[in-house]
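Chemist: Sending over final-v2.cif (mmCIF, C-alpha atoms and all ligand atoms; chains and numbers go by the auth columns).
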data_run
loop_
_atom_site.group_PDB
_atom_site.id
_atom_site.type_symbol
_atom_site.label_atom_id
_atom_site.label_comp_id
_atom_site.label_asym_id
_atom_site.label_seq_id
_atom_site.Cartn_x
_atom_site.Cartn_y
_atom_site.Cartn_z
_atom_site.B_iso_or_equiv
_atom_site.auth_seq_id
_atom_site.auth_asym_id
ATOM 1 C CA MET A 1 35.990 76.379 178.294 0.00 1 L
ATOM 2 C CA GLU A 2 33.775 74.024 176.289 0.00 2 L
ATOM 3 C CA ASN A 3 30.016 74.321 176.663 0.00 3 L
ATOM 4 C CA VAL A 4 28.792 71.474 178.834 0.00 4 L
ATOM 5 C CA LYS A 5 25.863 69.375 177.689 0.00 5 L
ATOM 6 C CA THR A 6 24.100 66.866 179.917 0.00 6 L
ATOM 7 C CA THR A 7 23.850 63.285 178.752 0.00 7 L
ATOM 8 C CA GLU A 8 20.533 61.462 178.578 0.00 8 L
ATOM 9 C CA ALA A 9 21.448 59.516 181.745 0.00 9 L
ATOM 10 C CA GLN A 10 22.129 62.727 183.704 0.00 10 L
ATOM 11 C CA ARG A 11 18.979 64.454 182.559 0.00 11 L
ATOM 12 C CA ILE A 12 16.510 65.310 185.289 0.00 12 L
ATOM 13 C CA ILE A 13 14.063 67.874 184.013 0.00 13 L
ATOM 14 C CA CYS A 14 12.171 69.937 186.591 0.00 14 L
ATOM 15 C CA TYR A 15 10.442 72.308 184.162 0.00 15 L
ATOM 16 C CA THR A 16 10.350 72.822 180.405 0.00 16 L
ATOM 17 C CA GLY A 17 9.649 76.269 178.964 0.00 17 L
ATOM 18 C CA GLU A 18 9.764 77.827 175.509 0.00 18 L
ATOM 19 C CA LYS A 19 13.557 78.028 175.286 0.00 19 L
ATOM 20 C CA VAL A 20 14.969 76.494 178.465 0.00 20 L
ATOM 21 C CA ILE A 21 14.663 73.627 180.831 0.00 21 L
ATOM 22 C CA LEU A 22 15.318 73.917 184.568 0.00 22 L
ATOM 23 C CA ARG A 23 17.139 71.048 186.234 0.00 23 L
ATOM 24 C CA PRO A 24 18.901 70.477 189.577 0.00 24 L
ATOM 25 C CA ILE A 25 22.522 71.624 189.897 0.00 25 L
ATOM 26 C CA HIS A 26 25.147 68.926 189.263 0.00 26 L
ATOM 27 C CA PRO A 27 27.709 70.141 191.817 0.00 27 L
ATOM 28 C CA GLU A 28 30.767 68.515 190.204 0.00 28 L
ATOM 29 C CA GLU A 29 30.100 69.265 186.539 0.00 29 L
ATOM 30 C CA ASP A 30 28.485 72.691 186.963 0.00 30 L
ATOM 31 C CA PHE A 31 30.947 74.074 189.505 0.00 31 L
ATOM 32 C CA PRO A 32 33.814 75.089 187.129 0.00 32 L
ATOM 33 C CA PHE A 33 31.362 77.121 185.074 0.00 33 L
ATOM 34 C CA LEU A 34 29.853 78.868 188.090 0.00 34 L
ATOM 35 C CA TRP A 35 33.298 79.691 189.436 0.00 35 L
ATOM 36 C CA LYS A 36 34.366 81.115 186.085 0.00 36 L
ATOM 37 C CA TRP A 37 31.160 83.123 185.615 0.00 37 L
ATOM 38 C CA ILE A 38 31.180 84.696 189.091 0.00 38 L
ATOM 39 C CA ASN A 39 34.785 85.805 188.569 0.00 39 L
ATOM 40 C CA ASP A 40 34.242 87.126 185.040 0.00 40 L
ATOM 41 C CA ALA A 41 34.464 90.929 185.387 0.00 41 L
ATOM 42 C CA SER A 42 31.881 91.539 182.660 0.00 42 L
ATOM 43 C CA ILE A 43 29.354 89.432 184.631 0.00 43 L
ATOM 44 C CA ASN A 44 30.503 90.280 188.151 0.00 44 L
ATOM 45 C CA ARG A 45 29.794 93.995 187.581 0.00 45 L
ATOM 46 C CA PHE A 46 26.072 93.126 187.661 0.00 46 L
ATOM 47 C CA LEU A 47 26.198 91.023 190.854 0.00 47 L
ATOM 48 C CA ASN A 48 25.960 91.939 194.534 0.00 48 L
ATOM 49 C CA THR A 49 29.110 89.997 195.273 0.00 49 L
ATOM 50 C CA ILE A 50 32.600 91.310 194.449 0.00 50 L
ATOM 51 C CA ALA A 51 35.161 89.140 192.605 0.00 51 L
ATOM 52 C CA PRO A 52 37.569 87.490 193.079 0.00 52 L
ATOM 53 C CA LYS A 53 35.862 84.556 194.764 0.00 53 L
ATOM 54 C CA SER A 54 37.908 81.501 195.640 0.00 54 L
ATOM 55 C CA SER A 55 36.759 78.044 194.585 0.00 55 L
ATOM 56 C CA ASP A 56 36.033 77.321 198.270 0.00 56 L
ATOM 57 C CA ASP A 57 33.783 80.406 198.482 0.00 57 L
ATOM 58 C CA VAL A 58 31.804 79.303 195.469 0.00 58 L
ATOM 59 C CA LYS A 59 31.606 75.654 196.628 0.00 59 L
ATOM 60 C CA GLU A 60 30.365 76.831 200.018 0.00 60 L
ATOM 61 C CA HIS A 61 27.755 79.024 198.345 0.00 61 L
ATOM 62 C CA ILE A 62 26.423 76.117 196.259 0.00 62 L
ATOM 63 C CA ASP A 63 26.501 73.876 199.321 0.00 63 L
ATOM 64 C CA ASN A 64 24.560 76.376 201.411 0.00 64 L
ATOM 65 C CA MET A 65 22.037 76.839 198.624 0.00 65 L
ATOM 66 C CA SER A 66 21.301 73.118 198.543 0.00 66 L
ATOM 67 C CA LYS A 67 21.371 72.447 202.304 0.00 67 L
ATOM 68 C CA SER A 68 19.216 75.278 203.582 0.00 68 L
ATOM 69 C CA ASP A 69 15.454 75.373 203.103 0.00 69 L
ATOM 70 C CA LYS A 70 15.750 79.153 202.774 0.00 70 L
ATOM 71 C CA ASN A 71 17.293 78.881 199.288 0.00 71 L
ATOM 72 C CA LEU A 72 16.813 76.964 196.093 0.00 72 L
ATOM 73 C CA LEU A 73 18.846 76.890 192.917 0.00 73 L
ATOM 74 C CA PHE A 74 18.076 75.565 189.438 0.00 74 L
ATOM 75 C CA ALA A 75 20.472 75.064 186.558 0.00 75 L
ATOM 76 C CA ILE A 76 19.290 76.551 183.258 0.00 76 L
ATOM 77 C CA GLU A 77 19.853 74.534 180.081 0.00 77 L
ATOM 78 C CA THR A 78 18.849 75.317 176.534 0.00 78 L
ATOM 79 C CA LYS A 79 15.848 73.291 175.495 0.00 79 L
ATOM 80 C CA ASN A 80 17.081 72.515 171.998 0.00 80 L
ATOM 81 C CA ASP A 81 20.560 71.140 172.760 0.00 81 L
ATOM 82 C CA HIS A 82 20.874 70.905 176.570 0.00 82 L
ATOM 83 C CA THR A 83 23.711 73.419 176.932 0.00 83 L
ATOM 84 C CA PHE A 84 24.219 74.589 180.516 0.00 84 L
ATOM 85 C CA ILE A 85 23.956 78.403 180.302 0.00 85 L
ATOM 86 C CA GLY A 86 23.292 79.640 183.840 0.00 86 L
ATOM 87 C CA THR A 87 21.534 79.375 187.164 0.00 87 L
ATOM 88 C CA MET A 88 18.482 80.921 188.730 0.00 88 L
ATOM 89 C CA GLY A 89 17.309 80.650 192.290 0.00 89 L
ATOM 90 C CA VAL A 90 15.451 82.049 195.228 0.00 90 L
ATOM 91 C CA ASN A 91 17.224 83.154 198.385 0.00 91 L
ATOM 92 C CA ARG A 92 16.286 84.225 201.892 0.00 92 L
ATOM 93 C CA ILE A 93 12.915 82.481 201.839 0.00 93 L
ATOM 94 C CA ASP A 94 10.785 83.569 204.765 0.00 94 L
ATOM 95 C CA TRP A 95 8.250 80.747 205.038 0.00 95 L
ATOM 96 C CA THR A 96 6.102 82.554 207.611 0.00 96 L
ATOM 97 C CA SER A 97 5.567 85.601 205.425 0.00 97 L
ATOM 98 C CA GLY A 98 5.739 83.731 202.115 0.00 98 L
ATOM 99 C CA VAL A 99 8.507 85.944 200.733 0.00 99 L
ATOM 100 C CA GLY A 100 11.723 85.232 198.814 0.00 100 L
ATOM 101 C CA THR A 101 14.276 86.986 196.605 0.00 101 L
ATOM 102 C CA THR A 102 15.202 85.846 193.088 0.00 102 L
ATOM 103 C CA GLY A 103 18.705 85.943 191.652 0.00 103 L
ATOM 104 C CA SER A 104 20.041 84.884 188.250 0.00 104 L
ATOM 105 C CA ILE A 105 23.199 84.441 186.245 0.00 105 L
ATOM 106 C CA ILE A 106 23.250 83.561 182.594 0.00 106 L
ATOM 107 C CA GLY A 107 26.974 83.050 182.415 0.00 107 L
ATOM 108 C CA ASN A 108 27.206 82.124 178.761 0.00 108 L
ATOM 109 C CA LYS A 109 27.050 85.597 177.215 0.00 109 L
ATOM 110 C CA ASP A 110 26.101 84.276 173.759 0.00 110 L
ATOM 111 C CA TYR A 111 22.664 83.805 175.306 0.00 111 L
ATOM 112 C CA TRP A 112 22.144 87.304 176.773 0.00 112 L
ATOM 113 C CA GLY A 113 19.241 89.390 175.543 0.00 113 L
ATOM 114 C CA LYS A 114 17.559 86.533 173.666 0.00 114 L
ATOM 115 C CA GLY A 115 14.741 85.738 176.064 0.00 115 L
ATOM 116 C CA TYR A 116 16.383 82.834 177.919 0.00 116 L
ATOM 117 C CA GLY A 117 16.384 84.699 181.258 0.00 117 L
ATOM 118 C CA THR A 118 12.730 85.701 180.927 0.00 118 L
ATOM 119 C CA ASP A 119 11.743 82.141 180.069 0.00 119 L
ATOM 120 C CA ALA A 120 13.670 80.696 183.027 0.00 120 L
ATOM 121 C CA LYS A 121 12.243 83.285 185.420 0.00 121 L
ATOM 122 C CA MET A 122 8.654 82.497 184.397 0.00 122 L
ATOM 123 C CA LEU A 123 9.300 78.851 185.325 0.00 123 L
ATOM 124 C CA VAL A 124 11.004 79.767 188.628 0.00 124 L
ATOM 125 C CA LEU A 125 8.107 82.077 189.554 0.00 125 L
ATOM 126 C CA HIS A 126 5.628 79.296 188.719 0.00 126 L
ATOM 127 C CA HIS A 127 7.584 77.000 191.040 0.00 127 L
ATOM 128 C CA VAL A 128 7.727 79.393 193.970 0.00 128 L
ATOM 129 C CA PHE A 129 4.149 80.677 193.705 0.00 129 L
ATOM 130 C CA HIS A 130 2.268 77.547 192.699 0.00 130 L
ATOM 131 C CA ARG A 131 4.359 74.719 194.165 0.00 131 L
ATOM 132 C CA LEU A 132 5.933 76.334 197.226 0.00 132 L
ATOM 133 C CA ASN A 133 2.994 78.645 197.925 0.00 133 L
ATOM 134 C CA LEU A 134 5.118 81.777 198.340 0.00 134 L
ATOM 135 C CA ARG A 135 3.198 85.035 198.031 0.00 135 L
ATOM 136 C CA ARG A 136 5.694 87.740 197.183 0.00 136 L
ATOM 137 C CA ILE A 137 9.071 87.720 195.437 0.00 137 L
ATOM 138 C CA ASN A 138 11.619 90.516 195.621 0.00 138 L
ATOM 139 C CA SER A 139 14.487 91.320 193.317 0.00 139 L
ATOM 140 C CA SER A 140 16.869 94.197 192.793 0.00 140 L
ATOM 141 C CA VAL A 141 19.337 95.406 190.208 0.00 141 L
ATOM 142 C CA ILE A 142 22.224 97.828 190.079 0.00 142 L
ATOM 143 C CA GLN A 143 21.051 100.976 188.268 0.00 143 L
ATOM 144 C CA TYR A 144 22.970 100.210 185.051 0.00 144 L
ATOM 145 C CA ASN A 145 21.682 96.645 184.708 0.00 145 L
ATOM 146 C CA LYS A 146 19.012 97.479 182.115 0.00 146 L
ATOM 147 C CA ARG A 147 18.898 93.927 180.779 0.00 147 L
ATOM 148 C CA SER A 148 18.034 92.453 184.166 0.00 148 L
ATOM 149 C CA ALA A 149 15.457 95.196 184.838 0.00 149 L
ATOM 150 C CA GLY A 150 13.915 94.508 181.387 0.00 150 L
ATOM 151 C CA CYS A 151 13.722 90.810 182.155 0.00 151 L
ATOM 152 C CA LEU A 152 12.036 91.438 185.527 0.00 152 L
ATOM 153 C CA LEU A 153 9.462 93.826 184.028 0.00 153 L
ATOM 154 C CA LYS A 154 8.616 91.309 181.297 0.00 154 L
ATOM 155 C CA CYS A 155 7.879 88.708 183.988 0.00 155 L
ATOM 156 C CA GLY A 156 5.477 91.091 185.736 0.00 156 L
ATOM 157 C CA TYR A 157 7.676 92.541 188.483 0.00 157 L
ATOM 158 C CA LYS A 158 6.888 96.125 189.496 0.00 158 L
ATOM 159 C CA LYS A 159 9.452 98.739 190.422 0.00 159 L
ATOM 160 C CA GLU A 160 8.977 99.407 194.112 0.00 160 L
ATOM 161 C CA GLY A 161 11.705 101.797 195.097 0.00 161 L
ATOM 162 C CA VAL A 162 15.245 103.054 194.851 0.00 162 L
ATOM 163 C CA ARG A 163 18.034 102.815 197.406 0.00 163 L
ATOM 164 C CA LYS A 164 20.359 105.691 196.632 0.00 164 L
ATOM 165 C CA GLN A 165 24.082 105.069 196.140 0.00 165 L
ATOM 166 C CA MET A 166 24.092 101.491 197.422 0.00 166 L
ATOM 167 C CA PHE A 167 26.947 100.150 195.280 0.00 167 L
ATOM 168 C CA TYR A 168 30.446 101.412 194.559 0.00 168 L
ATOM 169 C CA ARG A 169 31.444 100.108 191.137 0.00 169 L
ATOM 170 C CA GLU A 170 33.833 101.339 188.469 0.00 170 L
ATOM 171 C CA GLY A 171 34.710 104.516 190.383 0.00 171 L
ATOM 172 C CA LYS A 172 31.142 105.675 191.060 0.00 172 L
ATOM 173 C CA TYR A 173 28.233 105.118 193.428 0.00 173 L
ATOM 174 C CA TRP A 174 25.125 103.553 191.886 0.00 174 L
ATOM 175 C CA ASN A 175 21.529 103.201 193.046 0.00 175 L
ATOM 176 C CA GLN A 176 19.875 99.884 193.785 0.00 176 L
ATOM 177 C CA ILE A 177 16.497 99.536 192.042 0.00 177 L
ATOM 178 C CA LEU A 178 14.010 97.408 193.978 0.00 178 L
ATOM 179 C CA PHE A 179 11.358 95.230 192.314 0.00 179 L
ATOM 180 C CA ARG A 180 8.592 92.932 193.597 0.00 180 L
ATOM 181 C CA ILE A 181 5.938 90.648 192.247 0.00 181 L
ATOM 182 C CA PHE A 182 2.929 89.204 194.077 0.00 182 L
ATOM 183 C CA ARG A 183 1.400 85.886 193.070 0.00 183 L
ATOM 184 C CA ASP A 184 -1.847 87.536 191.906 0.00 184 L
ATOM 185 C CA GLU A 185 0.198 89.838 189.645 0.00 185 L
ATOM 186 C CA PHE A 186 1.973 86.825 188.142 0.00 186 L
ATOM 187 C CA ASP A 187 -1.050 84.579 187.574 0.00 187 L
ATOM 188 C CA PRO A 188 -2.495 86.310 184.458 0.00 188 L
ATOM 189 C CA LEU A 189 0.974 86.324 182.822 0.00 189 L
ATOM 190 C CA TRP A 190 1.437 82.658 183.687 0.00 190 L
ATOM 191 C CA LYS A 191 -1.916 81.797 182.043 0.00 191 L
ATOM 192 C CA GLN A 192 -0.764 83.512 178.830 0.00 192 L
ATOM 193 C CA TYR A 193 2.646 81.857 179.038 0.00 193 L
ATOM 194 C CA GLN A 194 1.131 78.399 179.561 0.00 194 L
ATOM 195 C CA LYS A 195 -0.822 78.740 176.315 0.00 195 L
ATOM 196 C CA ARG A 196 2.502 79.273 174.525 0.00 196 L
ATOM 197 C CA ILE A 197 4.262 76.249 176.005 0.00 197 L
ATOM 198 C CA THR A 198 1.470 73.684 175.662 0.00 198 L
HETATM 199 C C1 LIG B . 19.955 89.376 183.763 0.00 201 O
HETATM 200 C C2 LIG B . 19.821 88.170 182.885 0.00 201 O
HETATM 201 C C3 LIG B . 19.465 86.936 183.737 0.00 201 O
HETATM 202 C C4 LIG B . 18.642 88.433 181.907 0.00 201 O
HETATM 203 O O1 LIG B . 18.508 87.337 181.049 0.00 201 O
HETATM 204 P P1 LIG B . 18.458 87.596 179.468 0.00 201 O
HETATM 205 O O2 LIG B . 18.146 86.306 178.828 0.00 201 O
HETATM 206 O O3 LIG B . 19.702 88.288 179.033 0.00 201 O
HETATM 207 O O4 LIG B . 17.224 88.624 179.369 0.00 201 O
HETATM 208 P P2 LIG B . 16.014 88.597 178.340 0.00 201 O
HETATM 209 O O5 LIG B . 16.535 88.590 176.954 0.00 201 O
HETATM 210 O O6 LIG B . 15.052 87.522 178.707 0.00 201 O
HETATM 211 O O7 LIG B . 15.289 89.988 178.691 0.00 201 O
HETATM 212 C C5 LIG B . 15.992 91.203 178.712 0.00 201 O
HETATM 213 C C6 LIG B . 15.075 92.314 178.312 0.00 201 O
HETATM 214 O O8 LIG B . 15.652 93.564 178.654 0.00 201 O
HETATM 215 C C7 LIG B . 15.700 94.361 177.521 0.00 201 O
HETATM 216 N N1 LIG B . 16.900 95.193 177.529 0.00 201 O
HETATM 217 C C8 LIG B . 18.158 94.812 177.309 0.00 201 O
HETATM 218 N N2 LIG B . 18.981 95.875 177.379 0.00 201 O
HETATM 219 C C9 LIG B . 18.189 96.925 177.626 0.00 201 O
HETATM 220 C C10 LIG B . 18.426 98.309 177.779 0.00 201 O
HETATM 221 N N3 LIG B . 19.662 98.803 177.687 0.00 201 O
HETATM 222 N N4 LIG B . 17.386 99.122 178.060 0.00 201 O
HETATM 223 C C11 LIG B . 16.139 98.625 178.151 0.00 201 O
HETATM 224 N N5 LIG B . 15.843 97.311 178.001 0.00 201 O
HETATM 225 C C12 LIG B . 16.871 96.488 177.736 0.00 201 O
HETATM 226 C C13 LIG B . 15.793 93.412 176.349 0.00 201 O
HETATM 227 O O9 LIG B . 15.426 94.085 175.182 0.00 201 O
HETATM 228 C C14 LIG B . 14.840 92.333 176.798 0.00 201 O
HETATM 229 O O10 LIG B . 13.494 92.678 176.525 0.00 201 O
HETATM 230 P P3 LIG B . 12.819 92.298 175.104 0.00 201 O
HETATM 231 O O11 LIG B . 12.855 90.799 174.995 0.00 201 O
HETATM 232 O O12 LIG B . 11.426 92.842 175.240 0.00 201 O
HETATM 233 O O13 LIG B . 13.627 92.928 174.038 0.00 201 O
HETATM 234 C C15 LIG B . 21.122 87.881 182.053 0.00 201 O
HETATM 235 O O14 LIG B . 21.305 88.907 181.097 0.00 201 O
HETATM 236 C C16 LIG B . 22.353 87.814 182.957 0.00 201 O
HETATM 237 O O15 LIG B . 22.525 86.832 183.628 0.00 201 O
HETATM 238 N N6 LIG B . 23.190 88.861 182.972 0.00 201 O
HETATM 239 C C17 LIG B . 24.442 88.890 183.738 0.00 201 O
HETATM 240 C C18 LIG B . 24.257 88.713 185.260 0.00 201 O
HETATM 241 C C19 LIG B . 23.123 89.531 185.809 0.00 201 O
HETATM 242 O O16 LIG B . 22.908 90.666 185.422 0.00 201 O
HETATM 243 N N7 LIG B . 22.375 88.916 186.745 0.00 201 O
HETATM 244 C C20 LIG B . 21.265 89.560 187.378 0.00 201 O
HETATM 245 C C21 LIG B . 21.727 90.364 188.528 0.00 201 O
HETATM 246 S S1 LIG B . 20.377 91.336 189.198 0.00 201 O
#
Kindly present the structure from the file in structure tokens form.
Modeler:
Amino acid sequence: MENVKTTEAQRIICYTGEKVILRPIHPEEDFPFLWKWINDASINRFLNTIAPKSSDDVKEHIDNMSKSDKNLLFAIETKNDHTFIGTMGVNRIDWTSGVGTTGSIIGNKDYWGKGYGTDAKMLVLHHVFHRLNLRRINSSVIQYNKRSAGCLLKCGYKKEGVRKQMFYREGKYWNQILFRIFRDEFDPLWKQYQKRIT
């Protein structure tokens, strides 16, 4: 599948970072990529959801993300050439307590481990803490997802606990590692980050 690049006319930029921009999802154009990525075994092994997922399942998921005020989803594009490489969002927002849970997929594997996820997450955390006034963000990874854990730690998340044997994958049970970040833990990192992007 060809990399998709947005045209100038389509381009709505929500945030610009060091390596990525965040934009709204384009349901029609982005959908085939999301469907492919979620069903790709080498990506799906890191997710909470088990493939195969039908196109209706994935459409419904995107639909629910955009309709409900408990979720939000950004598309991630490269800053230099506007290639669509993944999505990042916040789910299960509890507006009373100011809490949400981040989730990410960089589906284009050429871009793994090169700082794109960290850059996108800094921008998403800025959005949820400083624009939406959330207070605490949760995340979790399957024990073997060292790349995702590394990305979370770089953005200031702290390891908060372990749920033993939460996932059955590849013939074994694996722990779920829980992370959290509070706004006041993020703010000093954001100040440093801002100096780099301005
Ligand atoms: C998780 C994901 C969003 C992270 O984005 P990314 O751009 O690949 O991550 P980054 O390059 O910004 O950061 C990863 C960090 O983890 C580190 N890391 C990678 N593998 C590691 C390992 N085996 N042990 C320790 N650290 C590791 C990297 O070195 C990097 O830190 P560094 O920049 O200091 O070197 C992306 O890899 C992805 O979408 N993966 C597939 C789906 C997925 O796992 N989603 C998340 C589900 S919880």
Chemist: Here's the selection I'm unsure about, the PyMOL selection byres (((not hetatm)) within 8 of (chain O and resi 201)); applied to the file above, which residues does it give, as a PyMOL selection string?
Modeler: chain L and resi 42-48+86+88+103-107+109+111-119+139-142+145-152+154
Chemist: Assuming the chain letters and numbering stay as they are in my file, what does the PyMOL selection byres (((chain L and resi 165-182) around 10) and not hetatm) actually select? List them as a PyMOL selection string.
Modeler: chain L and resi 45-46+48+50+99-102+125+129+134-145+149+152-153+155-164+183-187
Chemist: Determine the nearest neighbour of Val124 in chain L from the options L:Thr49, L:Pro27, L:His61, L:Ile76, counting all atoms listed in the file.
Modeler: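 Under the stated criterion, the closest residue is L:Ile76.
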Chemist: Would you compute the distance between CA of Asn108 in chain L and CA of Asp69 in chain L? Give it in Å to one decimal.
Modeler: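 Interatomic distance, CA of Asn108 in chain L to CA of Asp69 in chain L: 27.9 Å.
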Chemist: For a test of reading the model, state the distance in Å between CA of Ile21 in chain L and CA of Thr78 in chain L, rounded to one decimal.
Modeler: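 Taking CA of Ile21 in chain L and CA of Thr78 in chain L, their separation equals 6.2 Å.
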Chemist: Using the chain letters and numbers from this file, what does the PyMOL selection byres (((chain L and resi 55) around 12) and not hetatm) select? Give the answer as JSON, numbers by chain.
Modeler: {"L": [31, 32, 33, 34, 35, 36, 37, 38, 39, 51, 52, 53, 54, 56, 57, 58, 59, 60, 61, 62]}
Chemist: Quick check, in Å to one decimal: how far apart do CA of Asn133 in chain L and CA of Lys191 in chain L lie?
Modeler: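 Taking CA of Asn133 in chain L and CA of Lys191 in chain L, their separation equals 16.9 Å.
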